[in-house]
Amino acid sequence: MTIKPQHAVLTLLVLLLSISAGYSQTARYYHFEGALSKKDNAPFSGTVDLEFKIYKTPRAEQAEWRETHRAVAVENGKFSVMLGSHTPLKLSFYEYYLDFTVSPEDVVTPPRRMIVGSGYNYRLWFLFAAYTIVWLAIFCYVLILGKKQRKISTELNALRHEAQEISA
Amino acid sequence: MPDKTRSVWAFLTGAAVFCAMLVNLYLIFQFAPTENSMGHVQRIFYFHVPSAWVAFLSFFVVFVCSVMYLIKRDRKYDIIASSSSEIGVIFATLVLITGPIWARPVWNTWWEWSPRLTLFLVLWFIYLAYLMLRNFVDGEERRARFSAVFGIAGFMNVPLVYMSIRLWRDIHPSPVIAGGEGSGLHPDMRAVFFFSLFTFTLLYFWLLGLRIKIEKGQISILDIKRALSLKREELTEGKVEI
Amino acid sequence: MMFGKTGALFWKDMVAEWRSKETLFSMLVFSLMMSVVFNFSFPPGSDFIREAAAGILWMTFLFAGLLGIGRSFTREIDKGCLTGIMLAPVERSTIYISKLLINFVFIMLVEAISLPLFAIFFKLDLLQNIFAIAFVFTISILGFCIIGTLFAAISVNVRTREIMLPILQFPISVPLIICGVQATRAAIEGQEWAVIWGWSKIIIAFDIIFFIVGYLTFEFIIEE
């Protein structure tokens, strides 16, 4: 099969569509890994109930979204939850601030931290740049190979023609 | 392999690559969860590391074909080696480009002498030297021999380079990449990563097939031209004799 | 018996060189010039030079060494000796070993002469740890010659002869350069043997692996 320019353009279009589709979406889940320690800085192990809240600004009083995760296993101070599994998240393009509260009182919770919804704007450009470069490189290579292949085929046909004429 | 079967295989592989890529893109941009500290930029990981894998695979193929060529002296090993090295250099270049693009927003610097990037820089130079050697040697058989020797030397060097770089880094430790090196990946992320690895491997084999076909075509052209000029000589001699 | 033939080839090169001494002198002058030029690159009397001494030493001997190794084959080709050697009933690998030894001896000679001068230029005290330094240099130069001889044989047959050797040599020398410079620095600074040995292990592994590769593949290069 020879690679024709039409194939390449079509595939490029599909790829571009897929990226834009990806970014118009809003994140529905958010994988969060956190750390807990006791007041005396010792790492904490056990099961806790955590209530997560997301705010629009670092000092907002009203939470945009909240979700409680019960019986989260904490091992050596670390735990991991999937936010959005009970209450759907709808984080779009901006930055958000997340904090959580724990039931046992003697456990220290870290201060509110910044999380990414659909990502920082400027960072997204890097992702886009990397992705585009990879795909452009592969495309150009395939196109160049296709062109070379066509040239070789034409030359081979011409030579075979010549060979037939000579044997005649 | 007869021509018909060959083109069917080529088409199937191409179609497989295309479909796998579409699925891969969906997985990378929609399915994979967002990483905690790096955000969406971390998704570069899903094609940065598979590119590195493909580069390694290509260079390994070059090594194996170099050894086989020196043992068997069959031209086909040289063809595979030359095609594979070209693809390997392309993917190594992509690793060296996507690496800094990932590093800049995350570590705030374009270049970091991290073990993987440094290793790839050296690897890139080795295989660039390989390509230059192939370009500058005249004589098909000689070219195959010399590149085979250098291909072997280049690949045998890789573990040594890696060890030296690791030891060197121990005296100047680099910033710890939070979960970037695949340490403790979420199972969903791991699944996407493996699929991406699979897709890129498929891509490698497809590109290899295309490139080998071109190489064989070029050799056929030379062979036919040679045969034709011999035939023409015979005919003209015949005419003169008469 | 193999040693006899290797010895004979080695001796032939040695005598040829001793008569003219062109390679030895050029390498010596080049390495000394380089160290002076490096000295000018930094502010006078700066401490940085002493810290970077190991690296500068290495840069100097790498470039000088490359010159010498390159010449060991071009000289043969220029004078048409290579065909003569190949016609002789000698195994190709023996040629490899003899060339390797000649390059090694030459570079060691040049280093032996330049090192004291460097110590003076850069105000280094090398005598204190002279054994460690000598050890590191020996294994590193050996490694450099092992791959250098192999690649010189390749590049002599290539159109862009002079530039091809460094292009082939430097990427493959990376482990040597990293470990060699660090080991030399450790030796100069008088660090404990365990540290120096850590680096040297890799250099020795490099030497062994590439000697085997060179020994096995040299005959494929000198084939006509």
# chains A, B, ... in the order shown; residues from 1 in each chain; ligands from 1
call {"tool": "residues_around", "arguments": {"residues": "region 148-154 of chain C", "least_positions_apart": "5", "cutoff": "6 Å", "atoms": "only C-alpha atoms", "output": "list in words"}}
result
Gly70, Leu100 and Leu165 of chain C
call {"tool": "interface_residues", "arguments": {"of": "chain B", "to": "chain A", "cutoff": "6 Å", "atoms": "only C-alpha atoms", "output": "list in words"}}
result
Ser7, Phe11, Phe29, Gln30, Gly39, His40, Val41, Thr98 and Ile214 of chain B
call {"tool": "residues_around", "arguments": {"residues": "Trp53 (chain B)", "least_positions_apart": "2", "cutoff": "10 Å", "atoms": "only C-alpha atoms", "output": "PDB file with N, CA and C atoms, in the first residue's frame"}}
result
ATOM      1  N   PHE B  47       3.760   9.493  25.790  1.00  0.00           N
ATOM      2  CA  PHE B  47       4.480   9.251  24.541  1.00  0.00           C
ATOM      3  C   PHE B  47       5.966   9.534  24.643  1.00  0.00           C
ATOM      4  N   HIS B  48       6.420  10.125  25.735  1.00  0.00           N
ATOM      5  CA  HIS B  48       7.856  10.324  25.922  1.00  0.00           C
ATOM      6  C   HIS B  48       8.532   8.992  26.216  1.00  0.00           C
ATOM      7  N   VAL B  49       7.975   8.242  27.181  1.00  0.00           N
ATOM      8  CA  VAL B  49       8.608   6.982  27.545  1.00  0.00           C
ATOM      9  C   VAL B  49       8.464   5.916  26.448  1.00  0.00           C
ATOM     10  N   PRO B  50       7.274   5.745  25.829  1.00  0.00           N
ATOM     11  CA  PRO B  50       7.219   4.803  24.703  1.00  0.00           C
ATOM     12  C   PRO B  50       8.164   5.159  23.567  1.00  0.00           C
ATOM     13  N   SER B  51       8.394   6.459  23.304  1.00  0.00           N
ATOM     14  CA  SER B  51       9.371   6.818  22.266  1.00  0.00           C
ATOM     15  C   SER B  51      10.741   6.320  22.674  1.00  0.00           C
ATOM     16  N   ALA B  55      13.079   3.721  20.619  1.00  0.00           N
ATOM     17  CA  ALA B  55      14.467   4.006  20.262  1.00  0.00           C
ATOM     18  C   ALA B  55      15.362   2.860  20.715  1.00  0.00           C
ATOM     19  N   PHE B  56      15.151   2.402  21.959  1.00  0.00           N
ATOM     20  CA  PHE B  56      15.940   1.290  22.469  1.00  0.00           C
ATOM     21  C   PHE B  56      15.740   0.028  21.644  1.00  0.00           C
ATOM     22  N   LEU B  57      14.468  -0.240  21.330  1.00  0.00           N
ATOM     23  CA  LEU B  57      14.161  -1.423  20.534  1.00  0.00           C
ATOM     24  C   LEU B  57      14.883  -1.364  19.198  1.00  0.00           C
ATOM     25  N   SER B  58      14.821  -0.182  18.538  1.00  0.00           N
ATOM     26  CA  SER B  58      15.486  -0.042  17.241  1.00  0.00           C
ATOM     27  C   SER B  58      16.972  -0.323  17.359  1.00  0.00           C
ATOM     28  N   PHE B  59      17.592   0.230  18.397  1.00  0.00           N
ATOM     29  CA  PHE B  59      19.033   0.059  18.507  1.00  0.00           C
ATOM     30  C   PHE B  59      19.383  -1.377  18.832  1.00  0.00           C
ATOM     31  N   GLY B  88      15.305   4.638  14.782  1.00  0.00           N
ATOM     32  CA  GLY B  88      15.768   4.816  16.147  1.00  0.00           C
ATOM     33  C   GLY B  88      16.223   6.241  16.405  1.00  0.00           C
ATOM     34  N   PHE B  91      13.205   8.552  16.748  1.00  0.00           N
ATOM     35  CA  PHE B  91      12.529   8.484  18.032  1.00  0.00           C
ATOM     36  C   PHE B  91      13.400   8.991  19.166  1.00  0.00           C
ATOM     37  N   ALA B  92      14.707   8.774  19.070  1.00  0.00           N
ATOM     38  CA  ALA B  92      15.593   9.317  20.105  1.00  0.00           C
ATOM     39  C   ALA B  92      15.518  10.843  20.087  1.00  0.00           C
ATOM     40  N   VAL B  95      12.498  11.853  21.897  1.00  0.00           N
ATOM     41  CA  VAL B  95      12.691  11.785  23.342  1.00  0.00           C
ATOM     42  C   VAL B  95      13.409  13.034  23.828  1.00  0.00           C
ATOM     43  N   LEU B 197       2.662   1.891  24.995  1.00  0.00           N
ATOM     44  CA  LEU B 197       3.861   1.127  24.662  1.00  0.00           C
ATOM     45  C   LEU B 197       3.563   0.193  23.491  1.00  0.00           C
ATOM     46  N   PHE B 200       3.074   2.178  20.198  1.00  0.00           N
ATOM     47  CA  PHE B 200       4.316   2.671  19.629  1.00  0.00           C
ATOM     48  C   PHE B 200       5.147   1.538  19.044  1.00  0.00           C
ATOM     49  N   THR B 201       5.084   0.361  19.684  1.00  0.00           N
ATOM     50  CA  THR B 201       5.820  -0.782  19.138  1.00  0.00           C
ATOM     51  C   THR B 201       5.258  -1.158  17.786  1.00  0.00           C
TER      52      THR B 201
END
call {"tool": "closest_atom_pairs", "arguments": {"of": "chain C", "to": "chain B", "cutoff": "10 Å", "atoms": "only C-alpha atoms", "output": "CSV"}}
result
residue,atom,partner,partner_atom,distance
C:Ile147,CA,B:Ala153,CA,8.7
C:Leu150,CA,B:Val149,CA,9.1
C:Phe151,CA,B:Phe150,CA,8.1
C:Ala153,CA,B:Phe146,CA,9.7
C:Ile154,CA,B:Phe146,CA,6.5
C:Ser155,CA,B:Leu133,CA,8.4
C:Asn157,CA,B:Val137,CA,7.4
C:Val158,CA,B:Val137,CA,5.2
C:Arg159,CA,B:Phe136,CA,5.9
C:Thr160,CA,B:Phe136,CA,7.0
C:Arg161,CA,B:Phe136,CA,9.3
C:Met164,CA,B:Leu133,CA,7.6
C:Leu165,CA,B:Ala129,CA,9.9
C:Pro166,CA,B:Ala129,CA,9.7
C:Ile167,CA,B:Ala129,CA,6.0
C:Leu168,CA,B:Ala129,CA,5.8
C:Gln169,CA,B:Ile126,CA,9.1
C:Phe170,CA,B:Ile126,CA,8.5
C:Pro171,CA,B:Ile126,CA,5.3
C:Ile172,CA,B:Asn157,CA,6.4
C:Ser173,CA,B:Asn157,CA,8.6
C:Val174,CA,B:Val161,CA,6.5
C:Pro175,CA,B:Val161,CA,4.9
C:Leu176,CA,B:Ser164,CA,8.4
C:Ile177,CA,B:Ser164,CA,9.2
C:Ile178,CA,B:Ser164,CA,6.4
C:Cys179,CA,B:Ser164,CA,6.2
C:Gly180,CA,B:Ser164,CA,9.9
C:Gln182,CA,B:Trp168,CA,8.0
C:Gly198,CA,B:Leu167,CA,8.7
C:Trp199,CA,B:Ser164,CA,7.9
C:Ile202,CA,B:Leu160,CA,7.0
C:Ile203,CA,B:Leu160,CA,8.8
C:Ala205,CA,B:Leu160,CA,8.1
C:Phe206,CA,B:Leu160,CA,6.9
C:Ile209,CA,B:Met156,CA,7.8
C:Phe210,CA,B:Ala153,CA,7.3
C:Val213,CA,B:Ala153,CA,6.9
C:Gly214,CA,B:Ala153,CA,8.4
C:Leu216,CA,B:Val149,CA,9.6
C:Thr217,CA,B:Val149,CA,6.3
C:Phe218,CA,B:Val149,CA,8.3
C:Phe220,CA,B:Arg145,CA,6.5
C:Ile221,CA,B:Phe146,CA,6.4
C:Ile222,CA,B:Phe146,CA,9.9
C:Glu223,CA,B:Arg142,CA,8.8
C:Glu224,CA,B:Arg142,CA,8.9
call {"tool": "write_last_selection", "arguments": {"atoms": "N, CA and C atoms", "output": "short mmCIF file (atom, residue, chain, number, x, y, z; two decimals), in the first residue's frame"}}
result
data_model
loop_
_atom_site.label_atom_id
_atom_site.label_comp_id
_atom_site.auth_asym_id
_atom_site.auth_seq_id
_atom_site.Cartn_x
_atom_site.Cartn_y
_atom_site.Cartn_z
N ILE C 147 39.41 1.12 21.95
CA ILE C 147 38.41 1.50 20.96
C ILE C 147 39.02 2.37 19.87
N LEU C 150 40.44 0.34 17.00
CA LEU C 150 39.37 -0.24 16.20
C LEU C 150 38.77 0.80 15.27
N PHE C 151 38.44 1.97 15.84
CA PHE C 151 37.76 2.98 15.03
C PHE C 151 38.71 3.66 14.05
N ALA C 153 40.98 2.11 12.44
CA ALA C 153 41.02 1.21 11.29
C ALA C 153 39.81 1.43 10.40
N ILE C 154 38.66 1.72 11.02
CA ILE C 154 37.46 2.00 10.23
C ILE C 154 37.59 3.33 9.51
N SER C 155 37.93 4.38 10.26
CA SER C 155 37.85 5.72 9.68
C SER C 155 38.91 5.96 8.62
N ASN C 157 39.44 4.20 6.22
CA ASN C 157 38.85 3.78 4.96
C ASN C 157 37.68 4.63 4.53
N VAL C 158 37.43 5.69 5.26
CA VAL C 158 36.25 6.50 5.01
C VAL C 158 36.66 7.80 4.34
N ARG C 159 35.74 8.38 3.56
CA ARG C 159 36.07 9.61 2.83
C ARG C 159 36.54 10.72 3.77
N THR C 160 35.75 11.00 4.80
CA THR C 160 36.10 12.11 5.68
C THR C 160 36.95 11.59 6.82
N ARG C 161 38.13 11.14 6.48
CA ARG C 161 38.98 10.40 7.40
C ARG C 161 39.22 11.11 8.72
N MET C 164 36.09 11.66 10.95
CA MET C 164 35.30 10.48 11.28
C MET C 164 35.77 9.85 12.59
N LEU C 165 37.07 9.84 12.83
CA LEU C 165 37.56 9.19 14.04
C LEU C 165 37.01 9.83 15.31
N PRO C 166 37.09 11.15 15.47
CA PRO C 166 36.49 11.73 16.69
C PRO C 166 35.00 11.48 16.78
N ILE C 167 34.29 11.52 15.64
CA ILE C 167 32.85 11.32 15.69
C ILE C 167 32.51 9.92 16.17
N LEU C 168 33.29 8.92 15.73
CA LEU C 168 33.05 7.56 16.18
C LEU C 168 33.52 7.38 17.61
N GLN C 169 34.66 7.99 17.93
CA GLN C 169 35.32 7.71 19.19
C GLN C 169 34.63 8.32 20.39
N PHE C 170 34.25 9.60 20.30
CA PHE C 170 33.77 10.27 21.50
C PHE C 170 32.49 9.72 22.11
N PRO C 171 31.45 9.43 21.32
CA PRO C 171 30.26 8.88 21.98
C PRO C 171 30.56 7.57 22.70
N ILE C 172 31.39 6.72 22.07
CA ILE C 172 31.67 5.45 22.71
C ILE C 172 32.57 5.64 23.92
N SER C 173 33.37 6.71 23.94
CA SER C 173 34.27 6.92 25.07
C SER C 173 33.58 7.50 26.29
N VAL C 174 32.30 7.80 26.18
CA VAL C 174 31.63 8.49 27.30
C VAL C 174 31.82 7.82 28.66
N PRO C 175 31.64 6.50 28.77
CA PRO C 175 31.86 5.93 30.11
C PRO C 175 33.29 6.15 30.59
N LEU C 176 34.25 6.03 29.66
CA LEU C 176 35.64 6.27 30.01
C LEU C 176 35.82 7.69 30.53
N ILE C 177 35.25 8.64 29.81
CA ILE C 177 35.44 10.03 30.17
C ILE C 177 34.81 10.33 31.52
N ILE C 178 33.56 9.90 31.70
CA ILE C 178 32.89 10.18 32.98
C ILE C 178 33.68 9.56 34.12
N CYS C 179 33.93 8.26 34.02
CA CYS C 179 34.58 7.57 35.13
C CYS C 179 36.04 7.99 35.27
N GLY C 180 36.71 8.18 34.14
CA GLY C 180 38.12 8.54 34.20
C GLY C 180 38.33 9.88 34.87
N GLN C 182 36.31 11.50 36.91
CA GLN C 182 35.96 11.47 38.32
C GLN C 182 36.99 10.70 39.14
N GLY C 198 35.59 2.36 42.90
CA GLY C 198 34.24 2.36 42.36
C GLY C 198 34.21 2.80 40.91
N TRP C 199 34.92 3.88 40.60
CA TRP C 199 34.99 4.36 39.23
C TRP C 199 35.81 3.41 38.36
N ILE C 202 34.24 0.30 36.61
CA ILE C 202 33.54 0.49 35.34
C ILE C 202 34.55 0.60 34.20
N ILE C 203 35.65 1.33 34.46
CA ILE C 203 36.66 1.48 33.41
C ILE C 203 37.23 0.13 33.03
N ALA C 205 35.79 -2.79 33.39
CA ALA C 205 34.75 -3.54 32.65
C ALA C 205 34.72 -3.09 31.20
N PHE C 206 34.81 -1.77 31.01
CA PHE C 206 34.84 -1.20 29.67
C PHE C 206 36.01 -1.79 28.87
N ILE C 209 35.35 -5.57 28.03
CA ILE C 209 34.29 -5.77 27.03
C ILE C 209 34.76 -5.33 25.65
N PHE C 210 35.35 -4.14 25.58
CA PHE C 210 35.70 -3.64 24.26
C PHE C 210 36.94 -4.30 23.69
N VAL C 213 35.34 -7.22 22.02
CA VAL C 213 34.66 -6.78 20.80
C VAL C 213 35.69 -6.47 19.71
N GLY C 214 36.72 -5.72 20.08
CA GLY C 214 37.74 -5.34 19.11
C GLY C 214 38.47 -6.55 18.55
N LEU C 216 37.49 -9.58 18.32
CA LEU C 216 36.67 -10.41 17.45
C LEU C 216 36.32 -9.73 16.13
N THR C 217 36.16 -8.41 16.16
CA THR C 217 35.65 -7.77 14.94
C THR C 217 36.73 -7.13 14.07
N PHE C 218 37.96 -7.05 14.57
CA PHE C 218 38.98 -6.34 13.80
C PHE C 218 39.17 -6.96 12.42
N PHE C 220 37.12 -8.16 10.47
CA PHE C 220 36.12 -7.76 9.49
C PHE C 220 36.41 -6.40 8.90
N ILE C 221 37.24 -5.62 9.60
CA ILE C 221 37.54 -4.28 9.09
C ILE C 221 38.69 -4.34 8.11
N ILE C 222 39.72 -5.09 8.48
CA ILE C 222 40.86 -5.20 7.59
C ILE C 222 40.63 -6.40 6.70
N GLU C 223 39.77 -6.22 5.74
CA GLU C 223 39.46 -7.31 4.84
C GLU C 223 39.49 -6.72 3.48
N GLU C 224 40.07 -7.34 2.55
CA GLU C 224 40.00 -6.65 1.27
C GLU C 224 39.67 -7.59 0.15
#
call {"tool": "atom_distance", "arguments": {"atom1": "CA of Val110 (chain C)", "atom2": "CA of Ala186 (chain C)"}}
result
22.3 Å
call {"tool": "residues_around", "arguments": {"residues": "Val181 (chain C)", "least_positions_apart": "6", "cutoff": "9 Å", "atoms": "only C-alpha atoms", "output": "NGL selection string"}}
result
:C and (54-58)
call {"tool": "closest_residue", "arguments": {"among": "A:Asp99, A:Asp49, A:Glu165, A:Asp40", "to": "Arg66 (chain A)", "atoms": "only C-alpha atoms"}}
result
A:Asp99
call {"tool": "residues_around", "arguments": {"residues": "Lys78 (chain A)", "least_positions_apart": "2", "cutoff": "10 Å", "atoms": "only C-alpha atoms", "output": "MDAnalysis selection string"}}
result
chainID A and resid 33:37 43:45 73:76 80
call {"tool": "write_last_selection", "arguments": {"atoms": "C-alpha atoms", "output": "mmCIF file, in the first residue's frame"}}
result
data_model
loop_
_atom_site.group_PDB
_atom_site.id
_atom_site.type_symbol
_atom_site.label_atom_id
_atom_site.label_comp_id
_atom_site.auth_asym_id
_atom_site.auth_seq_id
_atom_site.Cartn_x
_atom_site.Cartn_y
_atom_site.Cartn_z
ATOM 1 C CA GLU A 33 -2.873 11.052 46.798
ATOM 2 C CA GLY A 34 -2.449 12.648 50.156
ATOM 3 C CA ALA A 35 -0.442 12.454 53.351
ATOM 4 C CA LEU A 36 -1.543 12.518 56.958
ATOM 5 C CA SER A 37 0.529 12.755 60.053
ATOM 6 C CA PRO A 43 3.130 8.992 60.286
ATOM 7 C CA PHE A 44 -0.354 7.775 60.752
ATOM 8 C CA SER A 45 -1.756 4.369 59.860
ATOM 9 C CA ALA A 73 -7.094 3.127 54.371
ATOM 10 C CA VAL A 74 -4.061 5.130 55.363
ATOM 11 C CA GLU A 75 -0.729 3.380 55.316
ATOM 12 C CA ASN A 76 2.347 5.017 56.752
ATOM 13 C CA SER A 80 -5.184 7.610 47.735
#
call {"tool": "atom_distance", "arguments": {"atom1": "CA of Gln191 (chain C)", "atom2": "CA of Ala132 (chain C)"}}
result
9.9 Å
call {"tool": "select_by_dssp", "arguments": {"residues": "region 2-161 of chain C", "states": "alpha helix (DSSP H)", "output": "PyMOL selection string"}}
result
chain C and resi 2-20+22-41+47-51+53-78+81-87+92-121+130-155+161
